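Structure data (TSV, C-alpha atoms) from model-v5.tsv:
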chain	number	residue	atom	x	y	z
A	1	GLU	CA	72.78	60.96	148.04
A	2	PRO	CA	73.31	57.20	148.40
A	3	GLY	CA	74.79	56.39	151.81
A	4	ALA	CA	72.81	58.96	153.80
A	5	GLN	CA	71.19	57.43	156.89
A	6	ILE	CA	67.68	58.71	157.57
A	7	SER	CA	65.97	57.34	160.69
A	8	ALA	CA	62.27	56.74	161.27
A	9	GLY	CA	60.03	59.74	161.88
A	10	CYS	CA	62.16	62.27	160.00
A	11	ASN	CA	60.38	64.93	157.95
A	12	LEU	CA	62.31	66.31	154.97
A	13	ALA	CA	60.79	69.21	153.03
A	14	ALA	CA	61.08	69.65	149.28
A	15	GLY	CA	64.33	70.92	147.83
A	16	SER	CA	66.60	69.64	150.61
A	17	GLN	CA	70.00	68.20	149.66
A	18	ILE	CA	71.30	65.44	151.94
A	19	GLY	CA	74.89	64.30	151.38
A	20	SER	CA	76.18	60.74	151.52
A	21	GLN	CA	77.85	61.16	154.96
A	22	VAL	CA	74.80	62.62	156.69
A	23	THR	CA	73.12	60.77	159.58
A	24	LEU	CA	69.72	61.82	160.88
A	25	ALA	CA	68.47	60.41	164.21
A	26	PRO	CA	64.71	59.82	164.70
A	27	ASN	CA	62.22	62.70	164.38
A	28	VAL	CA	64.51	65.25	162.75
A	29	VAL	CA	62.67	67.99	160.84
A	30	ILE	CA	64.39	69.57	157.82
A	31	GLY	CA	62.88	72.67	156.17
A	32	ARG	CA	62.77	73.56	152.49
A	33	ASP	CA	66.00	74.03	150.53
A	34	VAL	CA	68.32	72.94	153.38
A	35	ARG	CA	71.79	71.75	152.35
A	36	LEU	CA	73.70	69.20	154.45
A	37	TYR	CA	77.24	68.49	153.19
A	38	GLY	CA	80.06	66.34	154.56
A	39	GLU	CA	80.03	64.37	157.80
A	40	VAL	CA	76.93	65.78	159.52
A	41	HIS	CA	75.17	64.05	162.43
A	42	LEU	CA	71.83	65.40	163.69
A	43	GLY	CA	70.44	64.15	167.03
A	44	GLN	CA	66.85	63.30	167.87
A	45	ASN	CA	64.18	66.00	167.55
A	46	VAL	CA	66.51	68.52	165.88
A	47	ILE	CA	64.66	71.14	163.82
A	48	ILE	CA	66.38	72.91	160.90
A	49	GLY	CA	64.58	75.89	159.33
A	50	GLN	CA	64.42	76.57	155.62
A	51	ASN	CA	67.36	77.61	153.47
A	52	CYS	CA	70.10	76.61	155.97
A	53	SER	CA	73.53	75.31	154.94
A	54	LEU	CA	75.34	72.92	157.30
A	55	PHE	CA	78.89	71.74	156.58
A	56	GLY	CA	80.66	68.83	158.26
A	57	PRO	CA	82.37	67.63	160.23
A	58	LEU	CA	79.43	68.69	162.39
A	59	GLN	CA	77.68	67.15	165.40
A	60	ILE	CA	74.32	68.58	166.48
A	61	ASP	CA	72.92	67.15	169.70
A	62	GLU	CA	69.33	66.36	170.63
A	63	ALA	CA	66.55	69.00	170.61
A	64	VAL	CA	68.58	71.80	168.97
A	65	VAL	CA	66.44	74.31	167.02
A	66	ILE	CA	67.98	76.22	164.12
A	67	ALA	CA	66.06	79.09	162.53
A	68	PRO	CA	65.94	79.76	158.76
A	69	HIS	CA	68.87	81.10	156.70
A	70	VAL	CA	71.61	79.91	159.09
A	71	GLN	CA	75.08	78.74	157.99
A	72	ILE	CA	77.09	76.40	160.23
A	73	GLY	CA	80.59	74.95	159.80
A	74	SER	CA	82.97	74.98	156.90
A	75	SER	CA	84.63	72.68	154.43
A	76	LEU	CA	88.07	73.15	156.04
A	77	GLY	CA	87.92	70.05	158.25
A	78	ALA	CA	87.48	71.72	161.66
A	79	ARG	CA	84.82	69.86	163.69
A	80	THR	CA	81.87	71.91	164.90
A	81	ARG	CA	79.65	70.92	167.86
A	82	ILE	CA	76.19	72.25	168.73
A	83	ARG	CA	75.18	70.90	172.13
A	84	LEU	CA	71.88	69.88	173.68
A	85	ALA	CA	68.79	72.10	173.28
A	86	SER	CA	70.56	75.18	171.89
A	87	ARG	CA	68.59	77.73	169.84
A	88	ILE	CA	70.24	79.48	166.90
A	89	GLY	CA	68.51	82.59	165.54
A	90	CYS	CA	67.80	83.34	161.91
A	91	ARG	CA	70.53	84.48	159.51
A	92	SER	CA	73.29	83.60	161.97
A	93	VAL	CA	76.69	82.27	160.93
A	94	ILE	CA	78.54	79.72	163.10
A	95	MET	CA	82.16	79.31	162.02
A	96	GLY	CA	83.67	75.86	161.64
A	97	GLY	CA	85.52	74.41	164.61
A	98	VAL	CA	83.58	76.13	167.40
A	99	SER	CA	81.52	74.56	170.18
A	100	ILE	CA	78.08	75.91	171.12
A	101	GLY	CA	77.24	75.03	174.74
A	102	GLN	CA	74.03	73.33	175.82
A	103	ASN	CA	70.89	75.42	176.41
A	104	SER	CA	72.52	78.45	174.80
A	105	PHE	CA	70.70	81.16	172.83
A	106	ILE	CA	72.27	82.68	169.69
A	107	ARG	CA	70.47	85.83	168.58
A	108	SER	CA	69.51	86.43	164.95
A	109	ASN	CA	72.22	87.85	162.65
A	110	SER	CA	75.02	86.77	165.01
A	111	HIS	CA	78.45	85.81	163.67
A	112	VAL	CA	79.97	83.30	166.09
A	113	ILE	CA	83.74	82.87	165.75
A	114	GLY	CA	84.55	81.41	169.21
A	115	ASP	CA	83.26	78.83	171.67
A	116	VAL	CA	79.95	79.63	173.39
A	117	PRO	CA	79.53	78.49	177.03
A	118	ASP	CA	76.52	76.60	178.39
A	119	TYR	CA	73.41	78.71	179.12
A	120	ALA	CA	74.87	81.69	177.25
A	121	LEU	CA	72.95	84.45	175.49
A	122	VAL	CA	75.10	85.82	172.67
A	123	SER	CA	74.71	88.30	169.85
A	124	GLY	CA	76.62	90.54	167.48
A	125	ASP	CA	79.20	90.42	164.72
A	126	PRO	CA	81.52	89.14	166.03
A	127	ALA	CA	79.34	87.54	168.71
A	128	PHE	CA	79.81	88.53	172.35
A	129	LEU	CA	78.46	87.07	175.58
A	130	GLU	CA	75.53	89.12	176.90
A	131	ASP	CA	74.96	87.00	180.01
A	132	TYR	CA	73.92	83.55	181.23
A	133	VAL	CA	70.20	82.85	180.91
A	134	CYS	CA	67.54	80.30	181.87
A	135	SER	CA	66.87	77.44	179.47
A	136	ARG	CA	63.10	77.71	180.17
A	137	CYS	CA	62.41	81.43	179.82
A	138	ALA	CA	65.71	83.04	178.70
A	139	SER	CA	65.70	85.34	181.75
A	140	ARG	CA	69.07	86.30	183.23
A	141	PHE	CA	70.53	84.23	186.03
A	142	SER	CA	71.35	85.63	189.45
A	143	VAL	CA	74.34	84.59	191.53
A	144	VAL	CA	72.75	83.27	194.73
A	145	ARG	CA	76.01	82.37	196.45
A	146	SER	CA	79.61	81.35	195.87
A	147	SER	CA	81.67	78.50	197.25
A	148	PRO	CA	83.81	79.13	200.36
A	149	ASN	CA	86.94	79.20	198.24
A	150	HIS	CA	85.22	81.39	195.60
A	151	LEU	CA	86.09	78.92	192.86
A	152	MET	CA	82.43	78.21	192.03
A	153	VAL	CA	79.30	80.34	191.72
A	154	TYR	CA	75.72	79.13	192.18
A	155	LEU	CA	73.19	80.52	189.70
A	156	GLN	CA	69.39	80.62	189.65
A	157	CYS	CA	66.81	82.12	187.25
A	158	ARG	CA	65.48	85.52	188.37
A	159	ASN	CA	62.11	84.86	186.72
A	160	CYS	CA	61.02	81.21	186.99
A	161	GLY	CA	63.37	79.91	189.70
A	162	LEU	CA	65.09	77.24	187.61
A	163	PRO	CA	66.94	75.05	190.13
A	164	VAL	CA	70.37	76.24	191.16
A	165	PHE	CA	73.33	75.03	189.13
A	166	THR	CA	77.03	75.72	189.47
A	167	MET	CA	79.67	77.24	187.23
A	168	SER	CA	83.32	77.94	187.80
A	169	SER	CA	84.11	81.54	188.72
A	170	ALA	CA	86.81	81.53	186.04
A	171	ASN	CA	84.18	80.93	183.33
A	172	PHE	CA	81.52	83.26	184.70
A	173	LEU	CA	82.22	86.98	185.13
A	174	PRO	CA	85.47	87.24	183.11
A	175	ARG	CA	83.67	86.46	179.83
A	176	ILE	CA	80.47	88.53	180.19
A	177	ALA	CA	80.42	91.53	177.79
A	178	HIS	CA	83.43	90.18	175.90
A	179	VAL	CA	83.66	89.03	172.29
A	180	LEU	CA	83.93	85.23	172.17
A	181	LEU	CA	87.18	84.20	170.50
A	182	PRO	CA	88.53	80.73	169.64
A	183	GLY	CA	90.07	78.80	172.51
A	184	GLN	CA	87.71	80.36	175.09
A	185	THR	CA	89.78	83.55	175.07
A	186	PRO	CA	87.91	86.73	176.10
A	187	GLY	CA	88.13	89.34	173.37
A	188	GLN	CA	87.19	92.99	173.10
A	189	VAL	CA	84.86	94.43	175.77
A	190	VAL	CA	81.38	95.46	174.58
A	191	ASN	CA	79.47	98.31	176.24
A	192	LEU	CA	76.16	96.89	177.52
A	193	THR	CA	74.79	100.15	178.97
A	194	GLY	CA	71.06	100.27	178.24
A	195	HIS	CA	71.20	96.83	176.64
A	196	SER	CA	67.97	94.78	176.52
A	197	TYR	CA	68.41	91.13	177.43
A	198	THR	CA	64.92	90.12	176.24
A	199	TRP	CA	64.67	87.07	173.99
A	200	VAL	CA	61.53	86.96	171.80
A	201	ASP	CA	61.19	83.71	169.86
A	202	VAL	CA	59.04	85.23	167.11
A	203	TYR	CA	61.73	87.79	166.34
A	204	GLU	CA	64.91	85.75	166.91
A	205	MET	CA	63.75	82.49	165.30
With the file now loaded, output its structure as structure tokens.
Amino acid sequence: EPGAQISAGCNLAAGSQIGSQVTLAPNVVIGRDVRLYGEVHLGQNVIIGQNCSLFGPLQIDEAVVIAPHVQIGSSLGARTRIRLASRIGCRSVIMGGVSIGQNSFIRSNSHVIGDVPDYALVSGDPAFLEDYVCSRCASRFSVVRSSPNHLMVYLQCRNCGLPVFTMSSANFLPRIAHVLLPGQTPGQVVNLTGHSYTWVDVYEM
């Protein structure tokens, strides 16, 4: 539609519908039959798979990858935020008004109704937090130490040794294996006995 702002280097496949309030930063890739409605802002190098529907107000940060057949946001006016380098699996639904943390992994067929923390691996309907995983290889993090006052934990990848980063203790263990509800409230506990934490791009994306 007239008014849409499309930057240099963008690649828009046939059948896409781009609304008048949409802004695309450089080098965005939009698959076939994608629908962007309302105030939608896509950062640099974002990739949107075919047959996705994105509703504003929506902000998607740089280097986010969204698989085919995903629906994000709503027309109810609640702002949705997808942060840096997140990956959203095919046929997932992200409700309007939630925040998806940076470097997070959303498994295919997930239904996300609450905020997702940074470096999270989530799945399910409604989506729950499996664990915190590496942005390089999606392997689970290990707690290598905690602060003297136990307010912070220091995490490192078990597989590739991603440099240590910190997270508050309040946001770490209390949310693992819980359904993610709005307002960062832990919901129902999910039984993870025998659960596989493996992320396979070919399957999820």
Problem - Residue neighbourhood region 111-122 of chain A, 7 Å, all atoms listed in the file, exclusion window fewer than 3 positions, as an MDAnalysis selection string - result: chainID A and resid 92:95 98:107 125:135 180:184
Exercise for the section: Would you kindly return, as a PyMOL selection string, each protein, DNA or RNA residue with an atom no farther than 9 Å from any atom of Leu54 (chain A), considering all atoms listed in the file and excluding same-chain residues fewer than 3 positions away? Expected result: chain A and resi 34-38+40+58+70-74
Handout entry: Atom pair CA of Leu24 (chain A) / CA of Arg91 (chain A): separation (Å)
Key = 22.7 Å
Fill in the blank from the handout: Separating CA of Cys157 (chain A) from CA of Arg140 (chain A), to the nearest tenth of an Å, is a gap of 6.2 Å
Handout entry: Point-to-point distance in Å for CA of Tyr197 (chain A) and CA of Arg145 (chain A)
Key =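 For CA of Arg145 (chain A) relative to CA of Tyr197 (chain A), the distance reads 22.3 Å.
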Problem - Contacts of Gln5 (chain A) at 10 Å (all atoms listed in the file; same-chain gap of 3+ positions) as a count of residues only - result: 12
Which region 8-74 of chain A residues have any atom within 12 Å of an atom of region 198-201 of chain A, and for each, what is the nearest pair of atoms with distance in Å to one decimal, counting all atoms listed in the file, rows sorted by chain and number, as a Markdown table?
| residue | atom | partner | partner_atom | distance |
| --- | --- | --- | --- | --- |
| A:Val65 | CA | A:Asp201 | CA | 11.1 |
| A:Ile66 | CA | A:Asp201 | CA | 11.6 |
| A:Ala67 | CA | A:Asp201 | CA | 9.9 |
Prev. selection, C-alpha atoms, output as a compact mmCIF listing (two decimals), in the frame of the given file:
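selection_27.txt was written with the following content:
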# COMPACT_ATOMS: atom_id res chain seq x y z
CA VAL A 65 66.44 74.31 167.02
CA ILE A 66 67.98 76.22 164.12
CA ALA A 67 66.06 79.09 162.53
Practice task
Point out the residue among A:Gly194, A:Gly89, A:Gly31, A:Gly96 with the least atom-to-atom distance to Ala13 (chain A), counting all atoms listed in the file.
Solution key: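 Of all the options, A:Gly31 lies closest to Ala13 (chain A).
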